[in-house]
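Data file: input19.txt. Format and content: compact mmCIF, C-alpha atoms and all ligand atoms.
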```txt
# COMPACT_ATOMS: atom_id res chain seq x y z
CA VAL J 1 53.82 -55.50 -80.38
CA THR J 2 50.41 -54.02 -81.08
CA ALA J 3 48.11 -53.99 -78.08
CA THR J 4 45.20 -56.44 -78.38
CA PRO J 5 41.88 -54.60 -78.67
CA ARG J 6 38.80 -55.50 -76.66
CA THR J 7 36.52 -58.09 -78.26
CA ALA J 8 32.78 -58.05 -78.97
CA LEU J 9 30.76 -61.06 -80.09
CA THR J 10 27.76 -60.77 -82.40
CA ILE J 11 25.32 -63.66 -82.61
CA ALA J 12 23.34 -62.70 -85.69
CA GLY J 13 22.34 -63.30 -89.28
CA SER J 14 23.95 -62.30 -92.56
CA ASP J 15 22.41 -59.63 -94.81
CA SER J 16 23.38 -60.24 -98.45
CA GLY J 17 22.77 -56.52 -99.04
CA GLY J 18 25.53 -55.72 -96.57
CA GLY J 19 23.55 -53.06 -94.69
CA ALA J 20 22.24 -54.84 -91.59
CA GLY J 21 22.96 -58.03 -89.64
CA ILE J 22 26.53 -59.20 -89.01
CA GLN J 23 27.83 -56.94 -91.76
CA ALA J 24 26.58 -53.88 -89.87
CA ASP J 25 27.80 -55.32 -86.58
CA LEU J 26 31.33 -56.05 -87.79
CA ARG J 27 31.89 -52.71 -89.47
CA THR J 28 30.54 -50.93 -86.40
CA PHE J 29 32.83 -52.92 -84.12
CA PHE J 30 35.73 -51.99 -86.40
CA ALA J 31 34.75 -48.32 -86.46
CA CYS J 32 34.52 -48.36 -82.65
CA GLY J 33 37.93 -50.00 -82.24
CA VAL J 34 36.96 -53.45 -81.00
CA HIS J 35 37.72 -56.84 -82.54
CA GLY J 36 34.52 -58.49 -83.79
CA LEU J 37 33.75 -62.15 -83.17
CA VAL J 38 30.85 -63.92 -84.89
CA SER J 39 28.37 -66.70 -84.34
CA LEU J 40 26.31 -66.81 -87.54
CA THR J 41 22.66 -67.79 -86.99
CA ALA J 42 21.14 -67.48 -90.46
CA VAL J 43 21.81 -66.50 -94.04
CA THR J 44 19.23 -64.09 -95.43
CA VAL J 45 18.62 -63.50 -99.11
CA GLN J 46 17.79 -59.84 -99.47
CA ASN J 47 18.40 -56.54 -101.17
CA SER J 48 17.24 -52.97 -100.68
CA LEU J 49 13.67 -54.02 -101.57
CA GLY J 50 13.29 -56.64 -98.86
CA VAL J 51 14.04 -60.12 -97.54
CA GLN J 52 13.35 -62.84 -100.10
CA GLY J 53 14.19 -65.78 -97.87
CA PHE J 54 16.51 -67.18 -95.26
CA THR J 55 18.12 -70.41 -94.10
CA GLU J 56 18.99 -70.88 -90.47
CA ILE J 57 22.27 -72.37 -89.29
CA PRO J 58 21.82 -75.56 -87.19
CA ALA J 59 21.57 -74.66 -83.49
CA ASP J 60 24.55 -76.87 -82.57
CA VAL J 61 26.74 -74.94 -85.04
CA VAL J 62 25.59 -71.62 -83.56
CA VAL J 63 26.51 -72.97 -80.11
CA ALA J 64 29.86 -74.34 -81.30
CA GLN J 65 30.86 -70.96 -82.78
CA ILE J 66 30.15 -69.23 -79.45
CA LYS J 67 32.09 -71.84 -77.47
CA ALA J 68 35.02 -71.78 -79.90
CA VAL J 69 35.65 -68.05 -79.57
CA ALA J 70 34.61 -67.62 -75.92
CA GLY J 71 36.95 -70.36 -74.76
CA ASP J 72 40.02 -69.27 -76.71
CA MET J 73 39.79 -65.55 -77.39
CA GLY J 74 37.57 -64.23 -74.62
CA VAL J 75 34.53 -62.03 -75.04
CA ASN J 76 34.38 -58.56 -73.44
CA ALA J 77 30.75 -57.96 -74.50
CA ALA J 78 28.18 -59.74 -76.66
CA LYS J 79 25.05 -58.92 -78.61
CA THR J 80 22.33 -60.81 -80.40
CA GLY J 81 20.56 -59.84 -83.60
CA MET J 82 18.38 -62.10 -85.74
CA LEU J 83 18.17 -65.45 -83.94
CA ALA J 84 15.91 -67.01 -86.59
CA THR J 85 14.25 -69.84 -84.61
CA ALA J 86 13.04 -70.63 -81.08
CA GLU J 87 15.50 -73.52 -80.98
CA ILE J 88 18.43 -71.16 -81.66
CA ILE J 89 17.15 -68.67 -79.05
CA GLN J 90 17.03 -71.41 -76.39
CA ALA J 91 20.40 -72.85 -77.34
CA VAL J 92 22.05 -69.41 -77.27
CA ALA J 93 20.53 -68.57 -73.86
CA LYS J 94 21.80 -71.85 -72.37
CA THR J 95 25.25 -71.49 -73.95
CA LEU J 96 25.76 -67.90 -72.79
CA ASP J 97 25.06 -69.04 -69.21
CA GLU J 98 27.62 -71.83 -69.64
CA VAL J 99 30.36 -69.56 -70.96
CA HIS J 100 29.56 -66.83 -68.41
CA ILE J 101 28.28 -64.09 -70.70
CA GLY J 102 25.35 -61.89 -69.66
CA ARG J 103 23.05 -62.38 -66.68
CA ASP J 104 24.88 -62.74 -63.32
CA THR J 105 28.32 -62.42 -64.96
CA SER J 106 30.74 -59.54 -65.52
CA VAL J 107 30.38 -59.69 -69.33
CA PRO J 108 27.78 -57.22 -70.68
CA PHE J 109 25.16 -58.69 -73.01
CA VAL J 110 22.90 -56.70 -75.36
CA VAL J 111 19.73 -58.24 -76.81
CA ASP J 112 18.50 -56.51 -79.94
CA PRO J 113 15.11 -58.20 -80.33
CA VAL J 114 14.94 -58.18 -84.11
CA ALA J 115 11.19 -58.67 -84.26
CA ALA J 116 9.86 -56.64 -87.15
CA ALA J 117 12.02 -54.49 -89.36
CA MET J 118 11.53 -50.76 -89.77
CA THR J 119 7.80 -50.64 -89.19
CA GLY J 120 5.44 -49.62 -86.45
CA GLN J 121 4.43 -46.32 -84.93
CA ALA J 122 4.78 -45.35 -81.30
CA ASP J 123 3.85 -42.39 -79.15
CA LYS J 124 5.52 -41.34 -75.90
CA GLU J 125 3.10 -43.32 -73.78
CA SER J 126 3.68 -46.53 -75.75
CA GLN J 127 7.43 -45.90 -75.64
CA TYR J 128 7.36 -45.81 -71.81
CA ALA J 129 5.06 -48.88 -71.77
CA ALA J 130 7.43 -50.74 -74.12
CA VAL J 131 10.44 -50.00 -71.89
CA ARG J 132 8.53 -51.28 -68.85
CA ALA J 133 7.43 -54.40 -70.76
CA LEU J 134 11.04 -55.12 -71.82
CA LEU J 135 12.27 -54.73 -68.23
CA GLU J 136 9.65 -57.30 -67.19
CA PHE J 137 11.59 -59.86 -69.23
CA GLY J 138 14.40 -59.47 -66.72
CA SER J 139 17.00 -57.24 -68.39
CA SER J 140 18.69 -54.71 -66.13
CA TRP J 141 18.25 -51.89 -68.68
CA ALA J 142 15.91 -51.42 -71.64
CA LEU J 143 16.16 -49.00 -74.56
CA VAL J 144 13.31 -48.13 -76.93
CA LYS J 145 14.26 -45.93 -79.86
CA GLY J 146 12.05 -43.06 -80.98
CA GLY J 147 12.89 -42.84 -84.66
CA HIS J 148 9.42 -43.98 -85.69
CA MET J 149 7.66 -41.26 -83.67
CA TYR J 150 7.40 -39.06 -86.75
CA ASP J 151 5.37 -36.35 -84.99
CA ASP J 152 8.43 -35.54 -82.89
CA PRO J 153 10.88 -33.16 -84.61
CA HIS J 154 13.70 -34.94 -82.75
CA CYS J 155 14.55 -38.65 -82.36
CA VAL J 156 14.13 -39.21 -78.63
CA ASP J 157 15.22 -42.63 -77.36
CA LEU J 158 14.22 -43.86 -73.90
CA LEU J 159 16.57 -45.80 -71.62
CA SER J 160 15.56 -47.14 -68.22
CA ASP J 161 16.52 -49.54 -65.47
CA GLY J 162 13.05 -49.20 -63.94
CA ARG J 163 14.13 -46.39 -61.58
CA GLU J 164 15.78 -43.83 -63.83
CA PHE J 165 14.15 -42.86 -67.12
CA ILE J 166 16.72 -41.23 -69.39
CA GLU J 167 15.57 -39.52 -72.60
CA LEU J 168 18.29 -39.17 -75.24
CA SER J 169 17.44 -36.63 -77.89
CA GLY J 170 19.07 -36.59 -81.32
CA HIS J 171 18.65 -34.86 -84.65
CA ARG J 172 15.90 -36.20 -86.96
CA TYR J 173 17.20 -36.43 -90.52
CA ASP J 174 14.96 -36.42 -93.58
CA THR J 175 16.29 -39.67 -95.06
CA GLU J 176 14.99 -42.98 -96.32
CA ASN J 177 18.36 -44.65 -95.92
CA THR J 178 18.10 -46.15 -92.45
CA HIS J 179 18.60 -49.86 -93.18
CA GLY J 180 20.69 -51.45 -90.42
CA GLY J 181 20.14 -48.54 -88.03
CA GLY J 182 19.06 -50.68 -85.09
CA ASP J 183 21.89 -53.18 -85.57
CA THR J 184 24.43 -50.39 -85.88
CA MET J 185 23.28 -48.63 -82.72
CA ALA J 186 23.16 -51.88 -80.71
CA SER J 187 26.66 -52.75 -81.94
CA ALA J 188 28.06 -49.34 -81.04
CA ILE J 189 26.57 -49.76 -77.55
CA THR J 190 28.08 -53.26 -77.31
CA ALA J 191 31.50 -51.95 -78.38
CA ALA J 192 31.38 -49.22 -75.73
CA LEU J 193 30.41 -51.80 -73.09
CA ALA J 194 33.31 -54.01 -74.24
CA LYS J 195 35.60 -51.06 -73.56
CA GLY J 196 34.22 -50.75 -70.01
CA ALA J 197 31.61 -47.99 -70.28
CA THR J 198 28.59 -47.96 -67.96
CA VAL J 199 25.24 -48.69 -69.63
CA PRO J 200 24.05 -45.03 -69.69
CA ASP J 201 27.43 -43.89 -71.07
CA ALA J 202 27.50 -46.71 -73.66
CA VAL J 203 23.99 -45.85 -74.84
CA ALA J 204 24.82 -42.14 -75.05
CA GLU J 205 27.87 -43.07 -77.13
CA GLY J 206 25.76 -45.39 -79.31
CA LYS J 207 23.28 -42.57 -79.85
CA ARG J 208 25.99 -40.14 -80.99
CA PHE J 209 27.40 -42.83 -83.26
CA ILE J 210 24.11 -43.77 -84.96
CA GLU J 211 23.17 -40.11 -85.37
CA ARG J 212 26.24 -39.59 -87.59
CA CYS J 213 25.61 -42.91 -89.38
CA VAL J 214 22.02 -41.89 -90.22
CA ALA J 215 23.24 -38.48 -91.40
CA GLU J 216 25.60 -40.26 -93.81
CA GLY J 217 23.25 -43.04 -94.94
CA TYR J 218 23.29 -43.41 -98.72
CA ALA J 219 21.05 -44.62 -101.53
CA LEU J 220 21.86 -48.13 -102.76
CA GLY J 221 19.47 -50.16 -104.90
CA ALA J 222 15.88 -49.18 -105.67
CA GLY J 223 14.69 -49.43 -102.07
CA VAL J 224 16.04 -48.53 -98.64
CA GLY J 225 19.76 -47.73 -98.44
CA PRO J 226 22.01 -48.35 -95.43
CA VAL J 227 23.22 -46.17 -92.60
CA SER J 228 26.97 -45.72 -92.77
CA PRO J 229 29.96 -45.39 -90.44
CA PHE J 230 32.23 -44.15 -93.26
CA TRP J 231 32.48 -40.78 -91.47
CA ARG J 232 34.80 -42.42 -88.97
CA LEU J 233 37.34 -43.02 -91.74
CA LYS J 234 37.03 -39.46 -93.08
CA ASP J 235 37.57 -37.99 -89.62
CA SER J 236 40.82 -39.80 -89.00
O1 LIG K 301 17.95 -54.71 -88.98
C1 LIG K 301 17.49 -55.93 -88.49
C2 LIG K 301 18.16 -57.08 -89.17
C3 LIG K 301 18.97 -57.92 -88.45
N1 LIG K 301 19.60 -58.99 -89.01
C4 LIG K 301 19.47 -59.25 -90.31
C5 LIG K 301 18.68 -58.44 -91.11
C6 LIG K 301 18.00 -57.33 -90.54
C7 LIG K 301 17.17 -56.46 -91.37
O2 LIG K 301 17.07 -56.58 -92.56
O3 LIG K 301 18.58 -58.70 -92.41
C8 LIG K 301 20.18 -60.42 -90.90
```

Let me see the structure of the file written as C-alpha cells.
Amino acid sequence: VTATPRTALTIAGSDSGGGAGIQADLRTFFACGVHGLVSLTAVTVQNSLGVQGFTEIPADVVVAQIKAVAGDMGVNAAKTGMLATAEIIQAVAKTLDEVHIGRDTSVPFVVDPVAAAMTGQADKESQYAAVRALLEFGSSWALVKGGHMYDDPHCVDLLSDGREFIELSGHRYDTENTHGGGDTMASAITAALAKGATVPDAVAEGKRFIERCVAEGYALGAGVGPVSPFWRLKDS
C-alpha cells in the first residue's frame, strides 16, 4: 500500500491561462509531494495579456468545499489566493475557525493577499514597513517579496515575526515570464508547512523553489508567460 501523502488545501480562483491561481497551486503541491485539495472561489477569464473578467462562486459553495474536504480527508496546511469578494473573505475566515485551521490551531495557514497583480515598486524601507503593517493584522509571520525592487541586483525577500527580521536573498533573472510567481511561492511554503517544516524553514524552501521556477519560466501567448516547476520532473 502506498503511503498517503500530506495534504494542502488551496482556497483560490481559477486562471484560464493555467499560470496562476489554483492551477499554479495544484502543480506546485504536486511538485512538492503533497496532495492538493481545492475550494474554488472564482473563475477568471484571462490570458497572457490580462484578466478580462471573473465570476465568483457563491460563498456557501466555497464554505461547503472547505467543510467537505476538511471533515473527511484532513488538511495539514491551507492557503488562500484570490478570494474575490468581502463576503467570501468573511465566510472563509469563519469556516476556517470552525474546522480548526489557522489561528490558535495546529494547522498552518498561509494568506497570500492577492491585492494587485505584478505591479508596484518598493524600496527597503517600504519593505520593512509593509512587513510591520502585515503583522499588525495579527499574523504570526509576514513575508514581503523583493522582486519588484529593480534597483537591487538580487531578489531579497523579508520575513519577520516582529522580533526576527530574516532577509532571504536569491538570484534576479532577466525574464518577463513571472506570471503566477507569488502563488507558486506561497504554495511551496504551504506544502513545506504541511510536511511539518517551521515557518523560517518553509519560507527558505519556498524561496529556493520559486527561484528555480522563475529561472525556467517560459514565453506563452503575446504577454507575460508563467513561472514553471517543470525542472522538478527533469531532475527526477
Ligand atoms: O497571481 C495572483 C493570482 C491569483 N489568482 C488568480 C489569478 C492571479 C493572477 O493573475 O488569476 C486566479

* Which one of J:Ala42, J:Ala68, J:Ala78, J:Ala129 sits closest to Ala192 of chain J if you count all atoms listed in the file? ->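 Checking each of J:Ala42, J:Ala68, J:Ala78, J:Ala129 against Ala192 of chain J, counting all atoms listed in the file, the winner is J:Ala78.
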
* Asked: Neighbours of ligand LIG 301 (chain K) within 9 Å, counting all atoms listed in the file, as a PyMOL selection string?
  -> chain J and resi 12-24+41-48+50-51+54+81-84+112-118+179-184

Mind checking which residues fall within 8 Å of Asp161 of chain J, counting all atoms listed in the file, ignoring those fewer than 6 positions away in the same chain, and posting them as a compact mmCIF listing (two decimals) with C-alpha atoms, keeping the file's coordinate frame?
```txt
# COMPACT_ATOMS: atom_id res chain seq x y z
CA LEU J 135 12.27 -54.73 -68.23
CA SER J 140 18.69 -54.71 -66.13
CA TRP J 141 18.25 -51.89 -68.68
CA ALA J 142 15.91 -51.42 -71.64
```

* To do: Have a look at atom CA of Ala133 of chain J and atom CA of Phe29 of chain J and let me know their distance in Å, one decimal.
  =>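 It comes out at 28.7 Å.
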
* Using all atoms listed in the file, which of J:Pro229, J:Arg27, J:Asp174, J:Leu143 sits nearest Ala202 of chain J? ->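 Looking at the shortest contact to Ala202 of chain J, the residue is J:Leu143.
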
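What separates atom CA of Leu193 of chain J from atom CA of Asn76 of chain J is a distance of 7.8 Å.
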
* **J:Ile166, J:Ala186, J:Val92, J:Ile210 ranked by distance to Ala8 of chain J, top pick (using only C-alpha atoms)** =>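 Among the listed residues, the smallest separation from Ala8 of chain J belongs to J:Ala186.
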
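When all atoms listed in the file are used to measure the gap to Leu233 of chain J, the shortest distance among J:Ala59, J:Cys213, J:Gly146, J:Leu159 belongs to J:Cys213.
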
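Going from atom CA of Pro226 of chain J to atom CA of Gly170 of chain J covers 18.6 Å.
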